[in-house]
file model.cif (mmCIF, C-alpha atoms, pLDDT in the B column; chains and numbers go by the auth columns)
data_entry
#
loop_
_atom_site.group_PDB
_atom_site.id
_atom_site.type_symbol
_atom_site.label_atom_id
_atom_site.label_comp_id
_atom_site.label_asym_id
_atom_site.label_seq_id
_atom_site.Cartn_x
_atom_site.Cartn_y
_atom_site.Cartn_z
_atom_site.B_iso_or_equiv
_atom_site.auth_seq_id
_atom_site.auth_asym_id
ATOM 1 C CA MET A 1 98.015 157.077 78.363 90.00 13 A
ATOM 2 C CA GLU A 2 97.602 160.853 78.102 95.00 14 A
ATOM 3 C CA ILE A 3 94.024 162.091 77.590 98.00 15 A
ATOM 4 C CA GLY A 4 93.762 165.243 75.501 98.00 16 A
ATOM 5 C CA ILE A 5 91.330 167.228 73.399 98.00 17 A
ATOM 6 C CA SER A 6 91.230 168.090 69.698 98.00 18 A
ATOM 7 C CA SER A 7 90.858 171.743 68.774 98.00 19 A
ATOM 8 C CA SER A 8 88.250 170.579 66.248 98.00 20 A
ATOM 9 C CA CYS A 9 85.731 170.358 69.113 98.00 21 A
ATOM 10 C CA PHE A 10 85.277 174.137 68.939 98.00 22 A
ATOM 11 C CA TYR A 11 85.018 174.604 65.175 98.00 23 A
ATOM 12 C CA PRO A 12 84.291 177.145 63.649 97.00 24 A
ATOM 13 C CA MET A 13 86.152 179.102 66.327 98.00 25 A
ATOM 14 C CA LEU A 14 89.460 180.309 64.914 98.00 26 A
ATOM 15 C CA ALA A 15 91.952 177.473 65.182 98.00 27 A
ATOM 16 C CA GLU A 16 94.501 179.359 67.279 98.00 28 A
ATOM 17 C CA GLU A 17 91.725 180.391 69.688 98.00 29 A
ATOM 18 C CA SER A 18 90.288 176.881 69.930 98.00 30 A
ATOM 19 C CA PHE A 19 93.768 175.486 70.593 98.00 31 A
ATOM 20 C CA GLU A 20 94.283 178.061 73.345 98.00 32 A
ATOM 21 C CA LYS A 21 90.935 177.058 74.862 98.00 33 A
ATOM 22 C CA VAL A 22 91.927 173.395 74.816 98.00 34 A
ATOM 23 C CA CYS A 23 95.222 174.207 76.520 98.00 35 A
ATOM 24 C CA SER A 24 93.449 176.319 79.155 97.00 36 A
ATOM 25 C CA PHE A 25 91.518 173.203 80.229 97.00 37 A
ATOM 26 C CA GLY A 26 94.703 171.828 81.755 97.00 38 A
ATOM 27 C CA VAL A 27 95.401 169.074 79.227 97.00 39 A
ATOM 28 C CA ARG A 28 98.908 167.753 78.764 97.00 40 A
ATOM 29 C CA THR A 29 98.375 166.746 75.133 98.00 41 A
ATOM 30 C CA ALA A 30 96.210 167.993 72.274 98.00 42 A
ATOM 31 C CA GLU A 31 95.553 167.670 68.575 98.00 43 A
ATOM 32 C CA ILE A 32 95.444 170.696 66.279 98.00 44 A
ATOM 33 C CA PHE A 33 92.954 170.776 63.432 98.00 45 A
ATOM 34 C CA PHE A 34 94.167 173.378 60.934 98.00 46 A
ATOM 35 C CA ASN A 35 91.389 175.132 59.021 98.00 47 A
ATOM 36 C CA SER A 36 93.241 177.323 56.510 98.00 48 A
ATOM 37 C CA THR A 37 96.557 177.591 54.692 98.00 49 A
ATOM 38 C CA GLU A 38 97.271 180.845 56.501 98.00 50 A
ATOM 39 C CA GLU A 39 97.494 178.955 59.787 98.00 51 A
ATOM 40 C CA LEU A 40 100.393 176.871 58.463 98.00 52 A
ATOM 41 C CA LYS A 41 102.587 179.923 57.987 97.00 53 A
ATOM 42 C CA PRO A 42 104.067 182.691 60.143 96.00 54 A
ATOM 43 C CA PRO A 43 102.858 184.575 62.047 96.00 55 A
ATOM 44 C CA LEU A 44 99.827 182.390 62.826 98.00 56 A
ATOM 45 C CA LEU A 45 101.789 179.146 63.130 98.00 57 A
ATOM 46 C CA GLN A 46 104.018 180.842 65.682 98.00 58 A
ATOM 47 C CA LYS A 47 100.919 181.548 67.793 98.00 59 A
ATOM 48 C CA PHE A 48 100.275 177.821 68.039 98.00 60 A
ATOM 49 C CA ILE A 49 103.900 177.188 68.964 98.00 61 A
ATOM 50 C CA ASP A 50 103.877 179.937 71.600 98.00 62 A
ATOM 51 C CA THR A 51 100.617 178.642 73.100 98.00 63 A
ATOM 52 C CA LYS A 52 101.950 175.093 73.207 98.00 64 A
ATOM 53 C CA GLU A 53 105.109 176.187 74.991 98.00 65 A
ATOM 54 C CA ARG A 54 103.332 178.566 77.375 98.00 66 A
ATOM 55 C CA TYR A 55 101.001 175.818 78.626 98.00 67 A
ATOM 56 C CA GLY A 56 103.504 172.981 78.374 98.00 68 A
ATOM 57 C CA VAL A 57 101.222 170.941 76.103 98.00 69 A
ATOM 58 C CA SER A 58 102.460 168.298 73.683 98.00 70 A
ATOM 59 C CA VAL A 59 100.971 168.004 70.200 98.00 71 A
ATOM 60 C CA ASN A 60 101.113 164.432 68.943 97.00 72 A
ATOM 61 C CA THR A 61 99.194 164.825 65.672 98.00 73 A
ATOM 62 C CA ILE A 62 97.813 167.534 63.416 98.00 74 A
ATOM 63 C CA HIS A 63 94.804 167.251 61.115 98.00 75 A
ATOM 64 C CA PRO A 64 94.616 168.868 57.637 98.00 76 A
ATOM 65 C CA PHE A 65 91.494 170.753 56.626 98.00 77 A
ATOM 66 C CA THR A 66 92.039 169.425 53.089 98.00 78 A
ATOM 67 C CA ALA A 67 91.181 165.855 54.150 97.00 79 A
ATOM 68 C CA PHE A 68 87.876 166.143 52.276 96.00 80 A
ATOM 69 C CA ALA A 69 89.760 166.660 48.986 97.00 81 A
ATOM 70 C CA GLU A 70 92.346 163.893 49.317 97.00 82 A
ATOM 71 C CA PRO A 71 90.499 161.466 46.996 94.00 83 A
ATOM 72 C CA PHE A 72 90.961 164.023 44.202 94.00 84 A
ATOM 73 C CA MET A 73 94.193 165.755 45.240 95.00 85 A
ATOM 74 C CA LEU A 74 96.300 162.746 46.194 96.00 86 A
ATOM 75 C CA PHE A 75 94.583 159.649 44.860 93.00 87 A
ATOM 76 C CA GLY A 76 92.712 160.788 41.773 89.00 88 A
ATOM 77 C CA GLY A 77 95.246 159.445 39.262 89.00 89 A
ATOM 78 C CA TYR A 78 96.196 162.759 37.664 93.00 90 A
ATOM 79 C CA GLU A 79 99.966 162.753 38.175 94.00 91 A
ATOM 80 C CA ARG A 80 100.572 166.493 37.904 97.00 92 A
ATOM 81 C CA LYS A 81 97.908 167.123 40.532 97.00 93 A
ATOM 82 C CA VAL A 82 99.319 164.383 42.777 96.00 94 A
ATOM 83 C CA HIS A 83 102.749 166.016 42.612 97.00 95 A
ATOM 84 C CA GLU A 84 101.262 169.408 43.462 98.00 96 A
ATOM 85 C CA ALA A 85 99.258 167.912 46.323 98.00 97 A
ATOM 86 C CA ILE A 86 102.333 166.305 47.864 98.00 98 A
ATOM 87 C CA GLU A 87 104.135 169.642 47.592 98.00 99 A
ATOM 88 C CA TYR A 88 101.162 171.292 49.270 98.00 100 A
ATOM 89 C CA TYR A 89 101.161 168.731 52.079 98.00 101 A
ATOM 90 C CA LYS A 90 104.749 169.589 52.860 98.00 102 A
ATOM 91 C CA GLN A 91 103.292 172.646 54.586 98.00 103 A
ATOM 92 C CA TYR A 92 101.509 170.349 57.030 98.00 104 A
ATOM 93 C CA PHE A 93 104.642 168.268 57.525 98.00 105 A
ATOM 94 C CA GLU A 94 106.696 171.361 58.258 98.00 106 A
ATOM 95 C CA ALA A 95 104.067 172.666 60.687 98.00 107 A
ATOM 96 C CA ALA A 96 104.021 169.278 62.428 98.00 108 A
ATOM 97 C CA GLU A 97 107.800 169.338 62.737 98.00 109 A
ATOM 98 C CA LYS A 98 107.782 172.825 64.269 98.00 110 A
ATOM 99 C CA LEU A 99 105.074 171.800 66.736 98.00 111 A
ATOM 100 C CA GLY A 100 106.927 168.629 67.707 98.00 112 A
ATOM 101 C CA ALA A 101 104.159 166.401 66.354 98.00 113 A
ATOM 102 C CA LYS A 102 104.777 162.856 65.178 98.00 114 A
ATOM 103 C CA ALA A 103 102.231 162.570 62.395 98.00 115 A
ATOM 104 C CA VAL A 104 99.844 164.263 59.988 98.00 116 A
ATOM 105 C CA ILE A 105 96.472 162.535 59.728 98.00 117 A
ATOM 106 C CA ILE A 106 95.344 161.375 56.289 98.00 118 A
ATOM 107 C CA HIS A 107 91.766 160.358 55.397 98.00 119 A
ATOM 108 C CA GLY A 108 92.824 159.021 52.006 95.00 120 A
ATOM 109 C CA GLY A 109 90.950 157.941 48.898 91.00 121 A
ATOM 110 C CA ASN A 110 87.515 156.490 48.260 88.00 122 A
ATOM 111 C CA PRO A 111 87.153 152.674 47.972 81.00 123 A
ATOM 112 C CA PRO A 112 85.146 152.559 44.689 68.00 124 A
ATOM 113 C CA GLU A 113 87.842 154.442 42.769 66.00 125 A
ATOM 114 C CA MET A 114 90.697 152.558 44.422 64.00 126 A
ATOM 115 C CA LYS A 115 89.369 148.980 44.323 63.00 127 A
ATOM 116 C CA GLU A 116 91.471 148.026 41.310 71.00 128 A
ATOM 117 C CA LYS A 117 94.307 150.453 42.070 88.00 129 A
ATOM 118 C CA GLU A 118 95.681 149.360 45.431 91.00 130 A
ATOM 119 C CA ASP A 119 99.289 149.261 44.230 91.00 131 A
ATOM 120 C CA TYR A 120 98.930 152.781 42.847 92.00 132 A
ATOM 121 C CA TYR A 121 97.389 153.973 46.107 94.00 133 A
ATOM 122 C CA ILE A 122 100.241 152.526 48.170 95.00 134 A
ATOM 123 C CA ASP A 123 102.788 154.026 45.767 96.00 135 A
ATOM 124 C CA VAL A 124 101.312 157.495 46.225 96.00 136 A
ATOM 125 C CA PHE A 125 101.234 157.014 49.980 97.00 137 A
ATOM 126 C CA SER A 126 104.868 155.926 49.917 98.00 138 A
ATOM 127 C CA LYS A 127 105.752 159.171 48.131 98.00 139 A
ATOM 128 C CA LEU A 128 103.832 161.034 50.810 98.00 140 A
ATOM 129 C CA CYS A 129 105.942 159.204 53.416 98.00 141 A
ATOM 130 C CA ASP A 130 109.118 160.232 51.561 98.00 142 A
ATOM 131 C CA ALA A 131 108.075 163.882 51.681 98.00 143 A
ATOM 132 C CA ALA A 132 107.079 163.686 55.357 98.00 144 A
ATOM 133 C CA GLU A 133 110.290 161.985 56.428 98.00 145 A
ATOM 134 C CA ASP A 134 112.271 165.023 55.291 97.00 146 A
ATOM 135 C CA PHE A 135 110.577 166.802 58.207 98.00 147 A
ATOM 136 C CA GLY A 136 110.913 163.944 60.684 98.00 148 A
ATOM 137 C CA VAL A 137 107.200 163.082 60.669 98.00 149 A
ATOM 138 C CA LEU A 138 104.917 160.568 58.957 98.00 150 A
ATOM 139 C CA PRO A 139 101.437 160.541 57.413 98.00 151 A
ATOM 140 C CA ALA A 140 98.995 158.379 59.387 98.00 152 A
ATOM 141 C CA THR A 141 95.935 156.726 57.856 98.00 153 A
ATOM 142 C CA GLU A 142 92.781 157.272 59.902 98.00 154 A
ATOM 143 C CA ILE A 143 89.909 154.828 59.856 97.00 155 A
ATOM 144 C CA VAL A 144 87.153 156.889 58.203 97.00 156 A
ATOM 145 C CA VAL A 145 83.854 155.675 56.803 96.00 157 A
ATOM 146 C CA LYS A 146 83.803 155.424 52.980 94.00 158 A
ATOM 147 C CA ARG A 147 87.577 155.854 52.792 95.00 159 A
ATOM 148 C CA MET A 148 90.258 153.225 52.292 94.00 160 A
ATOM 149 C CA GLY A 149 91.076 153.226 56.006 94.00 161 A
ATOM 150 C CA GLN A 150 87.842 151.370 56.772 95.00 162 A
ATOM 151 C CA ASN A 151 89.158 148.277 54.944 94.00 163 A
ATOM 152 C CA LEU A 152 91.351 146.464 57.460 96.00 164 A
ATOM 153 C CA ASP A 153 92.537 143.867 54.948 95.00 165 A
ATOM 154 C CA PHE A 154 93.761 146.656 52.697 95.00 166 A
ATOM 155 C CA LEU A 155 95.472 148.344 55.663 97.00 167 A
ATOM 156 C CA SER A 156 97.259 145.065 56.373 97.00 168 A
ATOM 157 C CA ARG A 157 98.550 144.973 52.786 96.00 169 A
ATOM 158 C CA MET A 158 99.533 148.618 53.085 97.00 170 A
ATOM 159 C CA LYS A 159 101.409 147.840 56.290 98.00 171 A
ATOM 160 C CA ASP A 160 103.293 145.004 54.598 98.00 172 A
ATOM 161 C CA ALA A 161 104.337 147.383 51.810 97.00 173 A
ATOM 162 C CA LEU A 162 105.294 150.390 53.962 98.00 174 A
ATOM 163 C CA GLY A 163 106.833 148.565 56.896 98.00 175 A
ATOM 164 C CA GLU A 164 107.741 150.798 59.836 97.00 176 A
ATOM 165 C CA ARG A 165 106.473 153.840 57.966 98.00 177 A
ATOM 166 C CA PHE A 166 102.891 152.581 58.284 98.00 178 A
ATOM 167 C CA LYS A 167 100.964 154.502 60.977 98.00 179 A
ATOM 168 C CA THR A 168 97.262 154.591 61.771 98.00 180 A
ATOM 169 C CA VAL A 169 94.707 156.585 63.747 98.00 181 A
ATOM 170 C CA LEU A 170 91.907 154.774 65.580 98.00 182 A
ATOM 171 C CA ASP A 171 88.670 156.792 65.655 98.00 183 A
ATOM 172 C CA ILE A 172 86.008 154.856 67.529 97.00 184 A
ATOM 173 C CA LYS A 173 83.058 156.814 66.084 98.00 185 A
ATOM 174 C CA GLN A 174 84.361 156.042 62.601 98.00 186 A
ATOM 175 C CA CYS A 175 84.564 152.375 63.602 97.00 187 A
ATOM 176 C CA ARG A 176 80.886 152.568 64.519 96.00 188 A
ATOM 177 C CA ARG A 177 80.027 154.226 61.220 96.00 189 A
ATOM 178 C CA SER A 178 82.110 151.776 59.196 96.00 190 A
ATOM 179 C CA GLY A 179 80.887 148.647 60.949 96.00 191 A
ATOM 180 C CA VAL A 180 84.486 147.863 61.912 96.00 192 A
ATOM 181 C CA SER A 181 85.352 146.239 65.228 96.00 193 A
ATOM 182 C CA GLU A 182 87.880 148.321 67.137 95.00 194 A
ATOM 183 C CA VAL A 183 88.948 145.068 68.802 95.00 195 A
ATOM 184 C CA ASP A 184 89.944 143.708 65.396 97.00 196 A
ATOM 185 C CA PHE A 185 91.616 147.022 64.529 97.00 197 A
ATOM 186 C CA ILE A 186 93.662 146.990 67.743 97.00 198 A
ATOM 187 C CA ASN A 187 94.563 143.312 67.380 96.00 199 A
ATOM 188 C CA ARG A 188 95.952 143.993 63.912 97.00 200 A
ATOM 189 C CA PHE A 189 97.503 147.432 64.310 97.00 201 A
ATOM 190 C CA ALA A 190 98.126 148.226 67.982 95.00 202 A
ATOM 191 C CA SER A 191 101.840 148.779 67.376 95.00 203 A
ATOM 192 C CA ASP A 192 101.064 151.076 64.425 97.00 204 A
ATOM 193 C CA ILE A 193 98.487 153.351 66.091 98.00 205 A
ATOM 194 C CA ILE A 194 99.799 156.857 66.656 98.00 206 A
ATOM 195 C CA GLN A 195 96.612 158.570 67.859 98.00 207 A
ATOM 196 C CA VAL A 196 93.156 157.623 69.179 98.00 208 A
ATOM 197 C CA HIS A 197 90.015 159.754 68.743 98.00 209 A
ATOM 198 C CA LEU A 198 87.462 159.371 71.519 98.00 210 A
ATOM 199 C CA SER A 199 83.696 159.919 71.578 98.00 211 A
ATOM 200 C CA ASP A 200 80.643 158.222 73.016 98.00 212 A
ATOM 201 C CA TYR A 201 77.220 157.267 71.633 98.00 213 A
ATOM 202 C CA ASN A 202 73.613 156.672 72.680 97.00 214 A
ATOM 203 C CA ASN A 203 70.456 155.429 70.989 96.00 215 A
ATOM 204 C CA GLU A 204 70.010 158.688 69.068 95.00 216 A
ATOM 205 C CA LEU A 205 73.508 159.994 68.323 96.00 217 A
ATOM 206 C CA ASP A 206 76.770 158.339 67.310 96.00 218 A
ATOM 207 C CA CYS A 207 78.973 161.134 68.644 98.00 219 A
ATOM 208 C CA ILE A 208 78.531 162.591 72.135 98.00 220 A
ATOM 209 C CA PRO A 209 80.964 163.456 74.965 98.00 221 A
ATOM 210 C CA PRO A 210 82.711 160.455 76.544 98.00 222 A
ATOM 211 C CA GLY A 211 81.007 159.335 79.744 98.00 223 A
ATOM 212 C CA GLU A 212 77.538 160.404 78.628 98.00 224 A
ATOM 213 C CA GLY A 213 76.685 157.290 76.646 98.00 225 A
ATOM 214 C CA LYS A 214 77.072 153.541 76.374 97.00 226 A
ATOM 215 C CA TYR A 215 80.690 153.053 75.338 98.00 227 A
ATOM 216 C CA ASN A 216 82.988 151.021 77.586 98.00 228 A
ATOM 217 C CA PHE A 217 86.186 153.070 77.603 98.00 229 A
ATOM 218 C CA LYS A 218 87.786 150.972 80.327 97.00 230 A
ATOM 219 C CA LYS A 219 87.769 147.950 78.004 97.00 231 A
ATOM 220 C CA LEU A 220 89.135 150.074 75.152 97.00 232 A
ATOM 221 C CA PHE A 221 92.046 151.357 77.234 97.00 233 A
ATOM 222 C CA LYS A 222 92.789 147.855 78.493 97.00 234 A
ATOM 223 C CA ARG A 223 92.906 146.489 74.939 96.00 235 A
ATOM 224 C CA LEU A 224 95.180 149.325 73.815 97.00 236 A
ATOM 225 C CA GLN A 225 97.513 148.828 76.757 95.00 237 A
ATOM 226 C CA ASN A 226 97.629 145.074 76.232 96.00 238 A
ATOM 227 C CA GLY A 227 98.632 145.800 72.641 95.00 239 A
ATOM 228 C CA GLY A 228 101.487 147.999 73.852 94.00 240 A
ATOM 229 C CA TYR A 229 99.905 151.361 73.007 95.00 241 A
ATOM 230 C CA ASP A 230 101.093 154.068 75.401 87.00 242 A
ATOM 231 C CA SER A 231 100.645 157.285 73.426 90.00 243 A
ATOM 232 C CA SER A 232 97.822 159.835 73.570 95.00 244 A
ATOM 233 C CA ALA A 233 94.061 159.694 73.096 98.00 245 A
ATOM 234 C CA VAL A 234 92.074 162.847 72.358 98.00 246 A
ATOM 235 C CA ILE A 235 88.416 163.743 72.679 98.00 247 A
ATOM 236 C CA GLU A 236 87.183 164.642 69.201 98.00 248 A
ATOM 237 C CA LEU A 237 83.610 165.941 68.906 98.00 249 A
ATOM 238 C CA TYR A 238 81.496 168.023 66.563 97.00 250 A
ATOM 239 C CA ASN A 239 80.128 171.332 67.800 95.00 251 A
ATOM 240 C CA TRP A 240 76.594 169.891 67.563 96.00 252 A
ATOM 241 C CA SER A 241 77.408 166.903 69.774 96.00 253 A
ATOM 242 C CA TYR A 242 77.480 168.868 73.042 98.00 254 A
ATOM 243 C CA SER A 243 75.785 171.991 74.401 97.00 255 A
ATOM 244 C CA ASP A 244 78.264 173.216 77.026 96.00 256 A
ATOM 245 C CA GLU A 245 82.060 173.176 77.038 96.00 257 A
ATOM 246 C CA ASN A 246 81.947 171.888 80.622 97.00 258 A
ATOM 247 C CA GLN A 247 80.821 168.578 79.137 98.00 259 A
ATOM 248 C CA ILE A 248 84.213 168.309 77.441 98.00 260 A
ATOM 249 C CA LYS A 249 86.024 169.190 80.663 97.00 261 A
ATOM 250 C CA ASN A 250 84.003 166.567 82.529 98.00 262 A
ATOM 251 C CA SER A 251 84.709 164.000 79.812 98.00 263 A
ATOM 252 C CA ARG A 252 88.441 164.483 80.209 97.00 264 A
ATOM 253 C CA ILE A 253 88.183 164.010 83.974 97.00 265 A
ATOM 254 C CA PHE A 254 86.001 160.930 83.474 98.00 266 A
ATOM 255 C CA LEU A 255 88.503 159.364 81.067 98.00 267 A
ATOM 256 C CA GLU A 256 91.540 160.201 83.186 96.00 268 A
ATOM 257 C CA ASN A 257 89.915 158.574 86.206 96.00 269 A
ATOM 258 C CA LEU A 258 89.639 155.314 84.258 92.00 270 A
#

call {"tool": "encode", "arguments": {"input": "model.cif", "output": "structure tokens"}}
result
Amino acid sequence: MEIGISSSCFYPMLAEESFEKVCSFGVRTAEIFFNSTEELKPPLLQKFIDTKERYGVSVNTIHPFTAFAEPFMLFGGYERKVHEAIEYYKQYFEAAEKLGAKAVIIHGGNPPEMKEKEDYYIDVFSKLCDAAEDFGVLPATEIVVKRMGQNLDFLSRMKDALGERFKTVLDIKQCRRSGVSEVDFINRFASDIIQVHLSDYNNELDCIPPGEGKYNFKKLFKRLQNGGYDSSAVIELYNWSYSDENQIKNSRIFLENL
């Protein structure tokens, strides 16, 4: 399993600069968190591509900055807006294709609005898959607190409907926040996971650098491997969850040694 770093760790540093910093740490894989539409287009997108190739880093997934608006853009029920949102997301799919990524991460809709509209939700997601497949990528549902991805029974129904097009992202801090067992998540969806987001926790904070808290990463990696997962896992932190970038470097070394 390749251990990488998400460029989101250095937000609000410009995305191309944060990605370059991640690559300079010697990682072999990374995730790019785009923070503006401008970054999805030339010439800025080419900077990401050039950096990736210069350092020999693979990009498995990219993360849209519009994730916060997906309940309204994609799953709000206003068909004209849904169509426009899918057209907008084609920019992410194209960027992912050019970067050689496999998936674009989706946070999805809010449970209260979607409780009685699961079929509609899956239909919209299927249309998103159709658009993504034109670029050789797929949308991947991340487990996120207060979003549909925190409901594992719903994800199972979504998997049944989408088949091989169903992909997920396991974020262990979001499992903590959602009260979801990552063991249960892995048991159900190990073959569907396309990315893993790593962080640690202590008695005060639910997101700190891996290796500085209580989390048993060795058990996590063993469970993932037993489930057949052999892709990447990236450190994903907030800028308030560490005080020195050396903590992130040390976290990567700690995880790789496991």

call {"tool": "resolve_selection", "arguments": {"input": "model.cif", "expression": "the PyMOL selection byres ((chain A and resi 68-84) around 6)", "output": "MDAnalysis selection string"}}
result
chainID A and resid 40:47 64:67 85:88 113:117 119:122

call {"tool": "resolve_selection", "arguments": {"input": "model.cif", "expression": "the PyMOL selection byres ((chain A and resi 268) around 10)", "output": "MDAnalysis selection string"}}
result
chainID A and resid 13:16 262:267 269:270

call {"tool": "closest_residue", "arguments": {"input": "model.cif", "among": "A:Thr180, A:Ser211, A:Ser20, A:Ser255", "to": "Gly161 in chain A", "atoms": "all atoms listed in the file"}}
result
A:Thr180

call {"tool": "closest_residue", "arguments": {"input": "model.cif", "among": "A:Val34, A:Leu174, A:Val246, A:Leu56", "to": "Asp131 in chain A", "atoms": "all atoms listed in the file"}}
result
A:Leu174

call {"tool": "resolve_selection", "arguments": {"input": "model.cif", "expression": "the PyMOL selection byres ((chain A and resi 153) around 10)", "output": "number ranges by chain"}}
result
A: 115-120, 137, 150-152, 154-156, 159-162, 167, 178-182, 205-206

call {"tool": "closest_residue", "arguments": {"input": "model.cif", "among": "A:Phe166, A:Tyr90, A:Phe60, A:Tyr104", "to": "Ile134 in chain A", "atoms": "all atoms listed in the file"}}
result
A:Phe166

call {"tool": "axis_aligned_box", "arguments": {"input": "model.cif", "around": "range 112-115 of chain A", "padding_each_side": "4 Å", "output": "AutoDock Vina command-line options"}}
result
--center_x 104.6 --center_y 165.6 --center_z 65.1 --size_x 12.7 --size_y 14.1 --size_z 13.3

call {"tool": "closest_residue", "arguments": {"input": "model.cif", "among": "A:Glu96, A:Glu248, A:Asp172, A:Glu257", "to": "His209 in chain A", "atoms": "all atoms listed in the file"}}
result
A:Glu248

call {"tool": "closest_residue", "arguments": {"input": "model.cif", "among": "A:Asp165, A:Asp142, A:Glu130, A:Glu50", "to": "Ile98 in chain A", "atoms": "all atoms listed in the file"}}
result
A:Asp142

call {"tool": "residues_around", "arguments": {"input": "model.cif", "residues": "Arg189 in chain A", "least_positions_apart": "3", "cutoff": "7 Å", "atoms": "all atoms listed in the file", "output": "PyMOL selection string"}}
result
chain A and resi 157+185-186

call {"tool": "write_last_selection", "arguments": {"input": "model.cif", "atoms": "C-alpha atoms", "output": "mmCIF file, keeping the file's coordinate frame"}}
result
data_model
loop_
_atom_site.group_PDB
_atom_site.id
_atom_site.type_symbol
_atom_site.label_atom_id
_atom_site.label_comp_id
_atom_site.auth_asym_id
_atom_site.auth_seq_id
_atom_site.Cartn_x
_atom_site.Cartn_y
_atom_site.Cartn_z
ATOM 1 C CA VAL A 157 83.854 155.675 56.803
ATOM 2 C CA LYS A 185 83.058 156.814 66.084
ATOM 3 C CA GLN A 186 84.361 156.042 62.601
#

call {"tool": "atom_distance", "arguments": {"input": "model.cif", "atom1": "CA of Phe22 in chain A", "atom2": "CA of Asn251 in chain A"}}
result
6.0 Å

call {"tool": "atom_distance", "arguments": {"input": "model.cif", "atom1": "CA of Arg200 in chain A", "atom2": "CA of Asp183 in chain A"}}
result
14.8 Å

call {"tool": "atom_distance", "arguments": {"input": "model.cif", "atom1": "CA of Ser18 in chain A", "atom2": "CA of Gln259 in chain A"}}
result
14.1 Å

call {"tool": "residues_around", "arguments": {"input": "model.cif", "residues": "His95 in chain A", "least_positions_apart": "4", "cutoff": "10 Å", "atoms": "all atoms listed in the file", "output": "PyMOL selection string"}}
result
chain A and resi 85-86+90-91+99-101+136+139-140

call {"tool": "residues_around", "arguments": {"input": "model.cif", "residues": "Leu52 in chain A", "least_positions_apart": "4", "cutoff": "7 Å", "atoms": "only C-alpha atoms", "output": "PyMOL selection string"}}
result
chain A and resi 57+103-104+107

call {"tool": "residues_around", "arguments": {"input": "model.cif", "residues": "Gln237 in chain A", "least_positions_apart": "4", "cutoff": "10 Å", "atoms": "all atoms listed in the file", "output": "number ranges by chain"}}
result
A: 13, 198, 202, 231-233, 241-243
